[in-house]
Amino acid sequence: MSNLFSIPLKLLLLSFLFSLALSSCKEGSNSNEDHPEHFNKVLKKANRISETSGVRAILYLDSMYGSFPNPGVGDVCKKYYFKNDYYYVGKKNYTKAMEYADSILFVIQEKGLEKKYVKNMGHALLRKGDAYMGGNNYTDAFKCYYEGKRYIETTRDTCLFTEFNGRLATVSYKQTNYKQAIYYYKEALENLSHCKEEKFLRFKEEQLHLDNIGLCFEKIGMTDSAISYYYKALNYLNSRQSEFPDEKHFIEIAKGVIYGNLGTSYFNKGEVDSAELFFKTNIQINTKKGAENEDAQITQAKLISLYLSSRQFTEASQLLSTLKLSLDTMPNDQLEVIWNKLQSAYYDSIGQQKEAYTYLSRYLMLQDTLNSRIKKLPGSDFNKEFESLDRQNMLDDVKKKSDLKTSYLLLLITFLLMALIILGMVNSNHKRTKKHMAELLLLNEKINTKNIELNQTLRSLEESHKDNSKMLNIVAHDLRSPINSISGFISLLMMDESNTEEQKEIYEIIKASCNHSTEMINDLLHINITPENIKKEKVEMLTLLRHSVDLLKLQAEKKSITLTLEAEPIEIQINQEKIWRVMSNLIVNAIKFTPEAGSILVKLQRNEQGILLSVKDTGIGIPENLKKGIFTMFSDSGRKGTAGEKNFGLGLSISKQIVEAHGGEIWFESEENKGTTFYVRLPN
């Protein structure tokens with residue numbers, strides 16, 4: 001699930017309370033009106049008391065302030081900050097929290113000391129914005145954050161800028177203005193790059209902002225960009241986790257959240273196997289005690305949706321039961337609504353209409369109750385809306401144009417054959433007699449005409465090829481959802497008990513065709529990769545390869561296969577997403593064609609020629625008659641795996657295109673029934 005608040009809110013509030021205390025000390029140290037030495041001790045003791053009783057801490061604070069003559073403006077602000085925290089964090093009473101934020105503003109403005117207490121003004125507006133956010137009043141929250149940022153900008157304190165930019169980004173996200181949110185998150189990252197204080201808090205916020213930028217790209221449909229930022233967040237965590245040995249628990253949870261977001265992206269792309277692995281990894285991490293349990297619950301709901309869409313009803317049923325137990329111990333109104341909807345969909349899918357209706361009724365009742373209490377519910381919406389059926393017309397049109405291109409190709413071949421025949425006839429007639437010169441000239445004119453037509457046809461074919469590439473992108477990005485919609489409609493039709501056997505057979509055929517089409521579309525997106533459209537960046541290969549191996553270990557364990565990695569840290573300029581796909585394809589193929597209890601060794605090393613990656617398995621090997629077509633798209637070399645896994649024959653062909661676009665090479669060595677080793681060499 002998206003995790004805009006994956007850093008505990010209380011920790012953030014306490015951290016900037018600390019920074020405010022420091023700034024207040026600086027502001028008041030030169031004034032006789034404030035008494036920082038006295039009141040810092042009072043606040044410190046109040047914080048200790050609040051660990052056991054917030055009410056007692058408030059009473060103690062009022063007593064100490066009441067007994068002190070003439071506390072300064074800065075002193076009074078500190079008391080109001082403490083009470084604001086008590087009501088905002090401890091009591092979730094946003095009205096009272098706003099009152100104390102307003103009290104800070106009033107105390108400063110009444111004395112006309114805005115310039116002297118400029119940081120206090122900024123922080124008070126920040127807290128007032130937080131109170132508005134708590135009440136879902138995003139418009140007023142944005143105004144407060146923006147005004148507070150203007151105060152803080154006069155201090156030129158970049159460490160404080162990031163708090164305001166982060167809040168502005170969050171409000172923009174809540175208002176579905178995702179492009180504006182990306183701008184503010186990037187501004188916050190830029191601020192952090194100049195901030196040298198609070199090293200661990202900076203570490204947390206940088207990985208959080210990278211993850212949130214990915215969420216924004218996901219929301220505007222730029223899934224590949226979202227995935228890129230999720231991997232940037234993971235790489236950032238991995239590269240700096242050794243600096244914080246006492247924060248392993250937090251770092252593991254942060255990675256779990258990012259894995260869940262990656263699962264959502266791959267699910268949206270139709271890459272179900274990758275999505276399932278990422279979802280399971282998230283759940284494994286965040287169901288632990290002290291982890292992001294709510295995030296794990298949401299991910300479980302997404303995984304149930306995945307199982308239902310791929311007709312894995314046993315897995316869906318088991319996970320529905322697990323999620324229900326979790327909701328019984330840790331209630332969540334929104335997830336309770338979603339659970340009833342998923343439970344209804346499950347019973348509907350297996351043909352138990354009575355039970356499906358029962359849970360559908362509960363879902364509608366709970367949804368109405370929730371809507372009556374909450375005007376706008378922030379968070380992810382798991383209800384997939386069907387795309388317009390007009391998209392199917394677009395699909396038919398693309399198919400017709402594709403057939404037309406095939407006709408052009410056949411016509412070109414026919415013209416070439418005709419030209420060759422005519423040339424032969426002209427040459428023969430020329431040798432026989434000069435009487436036929438007039439006929440020869442006439443035939444030459446016809447040939448010239450045909451050549452002109454052929455050139456026009458060739459140009460048309462070149463334009464058609466460009467159009468075809470554009471159409472492939474349309475198929476990959478715009479037509480996947482309609483196919484999924486068709487699949488969903490067919491699933492509903494299949495539940496009709498009045499169907500004849502012939503109708504059931506037809507529906508099964510359509511359902512299978514939809515699933516195959518989705519997988520084919522995902523592969524076609526990576527066809528015709530060239531060096532010109534490869535965007536490279538510096539990537540740590542060991543980290544990338546470890547991600548691939550860790551994610552596929554579960555798949556290997558299903559067949560009792562030992563998956564081992566031997567690698568050294570190596571940095572190289574590559575396109576991270578596409579090389580990850582090559583690694584994944586090779587390891588998945590090895591698992592697919594290795595029998596149970598086999599082994600796979602993944603090895604990475606540097607040599608004189610460059611970077612060498614190898615994937616060695618103890619599988620069934622490749623027969624001699626199939627070796628020539630291994631890297632050929634749509635060849636006859638595709639086989640089912642040892643456990644009946646499907647193979648479309650596109651993965652290795654696409655991997656070859658990706659590697660060669662990087663200036664590298666890919667090859668294999670194989671002996672039937674003894675195993676196969678694939679090698680990938682990339683330049684330094």
# chains A, B, ... in the order shown; residues from 1 in each chain; ligands from 1
>>> residues_around(residues="Asp496 of chain A", least_positions_apart="3", cutoff="12 Å", atoms="only C-alpha atoms", output="PyMOL selection string")
chain A and resi 348-353+489-493+499-501+503-504+507
>>> residues_around(residues="His194 of chain A", least_positions_apart="2", cutoff="12 Å", atoms="only C-alpha atoms", output="PyMOL selection string")
chain A and resi 156-162+187-192+196-199+202
>>> write_last_selection(atoms="N, CA and C atoms", output="PDB file, in the first residue's frame")
ATOM      1  N   ARG A 156      16.636  30.991   6.018  1.00  0.00           N
ATOM      2  CA  ARG A 156      17.599  30.276   5.167  1.00  0.00           C
ATOM      3  C   ARG A 156      18.066  28.967   5.812  1.00  0.00           C
ATOM      4  N   ASP A 157      17.194  28.368   6.601  1.00  0.00           N
ATOM      5  CA  ASP A 157      17.504  27.086   7.251  1.00  0.00           C
ATOM      6  C   ASP A 157      16.956  25.950   6.384  1.00  0.00           C
ATOM      7  N   THR A 158      17.824  25.337   5.562  1.00  0.00           N
ATOM      8  CA  THR A 158      17.365  24.299   4.626  1.00  0.00           C
ATOM      9  C   THR A 158      16.846  23.056   5.338  1.00  0.00           C
ATOM     10  N   CYS A 159      17.318  22.811   6.558  1.00  0.00           N
ATOM     11  CA  CYS A 159      16.830  21.633   7.295  1.00  0.00           C
ATOM     12  C   CYS A 159      15.343  21.765   7.625  1.00  0.00           C
ATOM     13  N   LEU A 160      14.871  23.015   7.796  1.00  0.00           N
ATOM     14  CA  LEU A 160      13.449  23.229   8.083  1.00  0.00           C
ATOM     15  C   LEU A 160      12.608  23.263   6.801  1.00  0.00           C
ATOM     16  N   PHE A 161      13.240  23.664   5.684  1.00  0.00           N
ATOM     17  CA  PHE A 161      12.480  23.726   4.428  1.00  0.00           C
ATOM     18  C   PHE A 161      11.829  22.388   4.117  1.00  0.00           C
ATOM     19  N   THR A 162      12.577  21.308   4.363  1.00  0.00           N
ATOM     20  CA  THR A 162      12.098  19.991   3.932  1.00  0.00           C
ATOM     21  C   THR A 162      10.798  19.599   4.625  1.00  0.00           C
ATOM     22  N   GLU A 187      11.652  18.902  -4.202  1.00  0.00           N
ATOM     23  CA  GLU A 187      12.171  20.054  -3.468  1.00  0.00           C
ATOM     24  C   GLU A 187      12.650  19.632  -2.077  1.00  0.00           C
ATOM     25  N   ALA A 188      11.862  18.765  -1.419  1.00  0.00           N
ATOM     26  CA  ALA A 188      12.245  18.289  -0.089  1.00  0.00           C
ATOM     27  C   ALA A 188      13.557  17.508  -0.145  1.00  0.00           C
ATOM     28  N   LEU A 189      13.729  16.673  -1.175  1.00  0.00           N
ATOM     29  CA  LEU A 189      14.988  15.930  -1.343  1.00  0.00           C
ATOM     30  C   LEU A 189      16.163  16.880  -1.545  1.00  0.00           C
ATOM     31  N   GLU A 190      15.949  17.931  -2.333  1.00  0.00           N
ATOM     32  CA  GLU A 190      17.013  18.919  -2.561  1.00  0.00           C
ATOM     33  C   GLU A 190      17.377  19.617  -1.255  1.00  0.00           C
ATOM     34  N   ASN A 191      16.374  19.958  -0.439  1.00  0.00           N
ATOM     35  CA  ASN A 191      16.643  20.574   0.861  1.00  0.00           C
ATOM     36  C   ASN A 191      17.475  19.649   1.741  1.00  0.00           C
ATOM     37  N   LEU A 192      17.113  18.374   1.772  1.00  0.00           N
ATOM     38  CA  LEU A 192      17.825  17.407   2.616  1.00  0.00           C
ATOM     39  C   LEU A 192      19.278  17.254   2.205  1.00  0.00           C
ATOM     40  N   LYS A 196      22.824  19.025   7.202  1.00  0.00           N
ATOM     41  CA  LYS A 196      23.830  18.161   7.827  1.00  0.00           C
ATOM     42  C   LYS A 196      23.410  17.685   9.214  1.00  0.00           C
ATOM     43  N   GLU A 197      22.295  18.206   9.730  1.00  0.00           N
ATOM     44  CA  GLU A 197      21.853  17.845  11.075  1.00  0.00           C
ATOM     45  C   GLU A 197      20.911  16.643  11.039  1.00  0.00           C
ATOM     46  N   GLU A 198      20.711  16.031  12.211  1.00  0.00           N
ATOM     47  CA  GLU A 198      19.750  14.939  12.357  1.00  0.00           C
ATOM     48  C   GLU A 198      19.981  13.862  11.286  1.00  0.00           C
ATOM     49  N   LYS A 199      21.127  13.205  11.345  1.00  0.00           N
ATOM     50  CA  LYS A 199      21.553  12.280  10.289  1.00  0.00           C
ATOM     51  C   LYS A 199      20.546  11.157  10.053  1.00  0.00           C
ATOM     52  N   ARG A 202      17.223  12.408   8.572  1.00  0.00           N
ATOM     53  CA  ARG A 202      17.433  12.710   7.155  1.00  0.00           C
ATOM     54  C   ARG A 202      17.415  11.421   6.331  1.00  0.00           C
TER      55      ARG A 202
END
>>> atom_distance(atom1="atom CA of Pro569 of chain A", atom2="atom CA of Leu601 of chain A")
17.1 Å
>>> atom_distance(atom1="atom CA of Ser242 of chain A", atom2="atom CA of Ser584 of chain A")
26.9 Å
>>> residues_around(residues="Leu234 of chain A", least_positions_apart="4", cutoff="8 Å", atoms="only C-alpha atoms", output="list in words")
Gln207, Tyr230, Asn238, Lys255 and Ile258 of chain A
>>> atom_distance(atom1="atom CA of Asp140 of chain A", atom2="atom CA of Asn165 of chain A")
15.6 Å
>>> closest_residue(among="A:Gln609, A:Ser670, A:Thr176, A:Asn451", to="Leu682 of chain A", atoms="only C-alpha atoms")
A:Gln609
>>> residues_around(residues="Lys179 of chain A", least_positions_apart="3", cutoff="8 Å", atoms="only C-alpha atoms", output="MDAnalysis selection string")
chainID A and resid 182:183 216
>>> write_last_selection(atoms="C-alpha atoms", output="compact mmCIF listing (two decimals), in the first residue's frame")
# COMPACT_ATOMS: atom_id res chain seq x y z
CA ILE A 182 6.25 15.22 -7.24
CA TYR A 183 7.56 18.79 -7.47
CA CYS A 216 2.81 9.72 -7.45
>>> residues_around(residues="Ser305 of chain A", least_positions_apart="2", cutoff="10 Å", atoms="only C-alpha atoms", output="PyMOL selection string")
chain A and resi 267+299-303+307-312+316+342+345-346+382-384
>>> residues_around(residues="segment 610-617 of chain A", least_positions_apart="6", cutoff="6 Å", atoms="only C-alpha atoms", output="count of residues only")
17
>>> residues_around(residues="Gln657 of chain A", least_positions_apart="2", cutoff="8 Å", atoms="only C-alpha atoms", output="short mmCIF file (atom, residue, chain, number, x, y, z; two decimals) with N, CA and C atoms, in the first residue's frame")
data_model
loop_
_atom_site.label_atom_id
_atom_site.label_comp_id
_atom_site.auth_asym_id
_atom_site.auth_seq_id
_atom_site.Cartn_x
_atom_site.Cartn_y
_atom_site.Cartn_z
N ILE A 527 9.86 -5.38 -26.99
CA ILE A 527 10.37 -5.76 -28.31
C ILE A 527 10.97 -4.52 -29.00
N ASN A 528 11.93 -4.75 -29.87
CA ASN A 528 12.59 -3.69 -30.66
C ASN A 528 13.31 -2.68 -29.78
N ILE A 529 14.04 -3.20 -28.80
CA ILE A 529 14.86 -2.34 -27.94
C ILE A 529 16.15 -1.99 -28.68
N THR A 530 16.51 -0.71 -28.73
CA THR A 530 17.72 -0.26 -29.41
C THR A 530 18.57 0.56 -28.45
N SER A 653 14.50 -14.03 -26.30
CA SER A 653 14.66 -13.12 -27.43
C SER A 653 14.74 -11.67 -26.95
N ILE A 654 13.86 -11.30 -26.03
CA ILE A 654 13.88 -9.95 -25.48
C ILE A 654 15.16 -9.72 -24.68
N SER A 655 15.60 -10.73 -23.90
CA SER A 655 16.84 -10.61 -23.14
C SER A 655 18.01 -10.34 -24.07
N VAL A 659 20.48 -7.05 -23.87
CA VAL A 659 21.93 -7.17 -23.67
C VAL A 659 22.69 -6.52 -24.82
N GLU A 660 22.28 -6.81 -26.06
CA GLU A 660 22.98 -6.24 -27.22
C GLU A 660 22.80 -4.73 -27.30
N ALA A 661 21.66 -4.20 -26.84
CA ALA A 661 21.46 -2.75 -26.80
C ALA A 661 22.41 -2.09 -25.80
#
>>> closest_residue(among="A:Asn448, A:Gln175, A:Asn136, A:Asn268", to="Glu218 of chain A", atoms="only C-alpha atoms")
A:Asn268
>>> decode(residues="segment 104-199 of chain A", atoms="C-alpha atoms", output="CSV table (one decimal), in the first residue's frame")
chain,number,residue,atom,x,y,z
A,104,ILE,CA,1.1,30.6,19.7
A,105,LEU,CA,0.3,32.8,16.8
A,106,PHE,CA,-1.8,35.1,19.0
A,107,VAL,CA,0.9,35.5,21.7
A,108,ILE,CA,3.5,36.5,19.1
A,109,GLN,CA,1.3,38.7,17.0
A,110,GLU,CA,-0.2,40.5,20.0
A,111,LYS,CA,3.3,41.7,21.0
A,112,GLY,CA,4.3,42.5,17.3
A,113,LEU,CA,7.3,40.1,17.6
A,114,GLU,CA,6.8,38.2,14.3
A,115,LYS,CA,10.4,39.0,13.1
A,116,LYS,CA,12.0,38.0,16.4
A,117,TYR,CA,10.1,34.7,16.7
A,118,VAL,CA,10.0,33.9,13.0
A,119,LYS,CA,10.7,30.2,13.5
A,120,ASN,CA,8.0,29.9,16.2
A,121,MET,CA,5.6,31.5,13.7
A,122,GLY,CA,6.6,28.9,11.0
A,123,HIS,CA,6.2,26.0,13.4
A,124,ALA,CA,2.9,27.2,14.7
A,125,LEU,CA,1.5,27.4,11.1
A,126,LEU,CA,2.9,23.9,10.4
A,127,ARG,CA,1.1,22.5,13.4
A,128,LYS,CA,-2.1,24.4,12.5
A,129,GLY,CA,-1.9,22.8,9.0
A,130,ASP,CA,-1.4,19.4,10.6
A,131,ALA,CA,-4.6,19.9,12.6
A,132,TYR,CA,-6.5,20.8,9.4
A,133,MET,CA,-5.1,17.7,7.8
A,134,GLY,CA,-6.4,15.6,10.7
A,135,GLY,CA,-9.8,16.9,9.9
A,136,ASN,CA,-9.4,16.3,6.1
A,137,ASN,CA,-9.5,20.0,5.4
A,138,TYR,CA,-6.8,19.9,2.8
A,139,THR,CA,-7.3,23.4,1.3
A,140,ASP,CA,-6.8,25.2,4.6
A,141,ALA,CA,-3.9,22.9,5.5
A,142,PHE,CA,-2.1,23.8,2.2
A,143,LYS,CA,-2.6,27.5,3.0
A,144,CYS,CA,-1.0,27.1,6.4
A,145,TYR,CA,1.9,25.1,5.2
A,146,TYR,CA,2.5,27.6,2.4
A,147,GLU,CA,2.4,30.6,4.7
A,148,GLY,CA,4.6,28.8,7.3
A,149,LYS,CA,7.2,28.1,4.5
A,150,ARG,CA,7.4,31.8,3.7
A,151,TYR,CA,8.3,32.5,7.3
A,152,ILE,CA,10.9,29.8,7.4
A,153,GLU,CA,12.5,30.8,4.1
A,154,THR,CA,13.6,34.1,5.7
A,155,THR,CA,15.8,32.1,8.1
A,156,ARG,CA,17.6,30.3,5.2
A,157,ASP,CA,17.5,27.1,7.3
A,158,THR,CA,17.4,24.3,4.6
A,159,CYS,CA,16.8,21.6,7.3
A,160,LEU,CA,13.4,23.2,8.1
A,161,PHE,CA,12.5,23.7,4.4
A,162,THR,CA,12.1,20.0,3.9
A,163,GLU,CA,9.3,19.7,6.6
A,164,PHE,CA,7.2,22.3,4.8
A,165,ASN,CA,7.9,20.9,1.3
A,166,GLY,CA,7.1,17.4,2.6
A,167,ARG,CA,3.8,18.6,4.0
A,168,LEU,CA,2.9,20.5,0.8
A,169,ALA,CA,3.6,17.4,-1.2
A,170,THR,CA,1.4,15.3,1.1
A,171,VAL,CA,-1.5,17.7,0.7
A,172,SER,CA,-1.1,17.8,-3.0
A,173,TYR,CA,-1.2,14.0,-3.0
A,174,LYS,CA,-4.3,13.9,-0.9
A,175,GLN,CA,-6.0,16.4,-3.4
A,176,THR,CA,-4.9,14.0,-6.3
A,177,ASN,CA,-2.6,16.7,-7.7
A,178,TYR,CA,0.2,14.2,-8.2
A,179,LYS,CA,2.4,16.2,-10.5
A,180,GLN,CA,2.5,19.1,-8.0
A,181,ALA,CA,3.2,16.5,-5.2
A,182,ILE,CA,6.2,15.2,-7.2
A,183,TYR,CA,7.6,18.8,-7.5
A,184,TYR,CA,7.4,19.3,-3.7
A,185,TYR,CA,8.9,15.9,-2.9
A,186,LYS,CA,11.8,16.6,-5.1
A,187,GLU,CA,12.2,20.1,-3.5
A,188,ALA,CA,12.2,18.3,-0.1
A,189,LEU,CA,15.0,15.9,-1.3
A,190,GLU,CA,17.0,18.9,-2.6
A,191,ASN,CA,16.6,20.6,0.9
A,192,LEU,CA,17.8,17.4,2.6
A,193,SER,CA,20.9,17.2,0.4
A,194,HIS,CA,22.1,20.5,2.1
A,195,CYS,CA,21.1,19.6,5.6
A,196,LYS,CA,23.8,18.2,7.8
A,197,GLU,CA,21.9,17.8,11.1
A,198,GLU,CA,19.8,14.9,12.4
A,199,LYS,CA,21.6,12.3,10.3
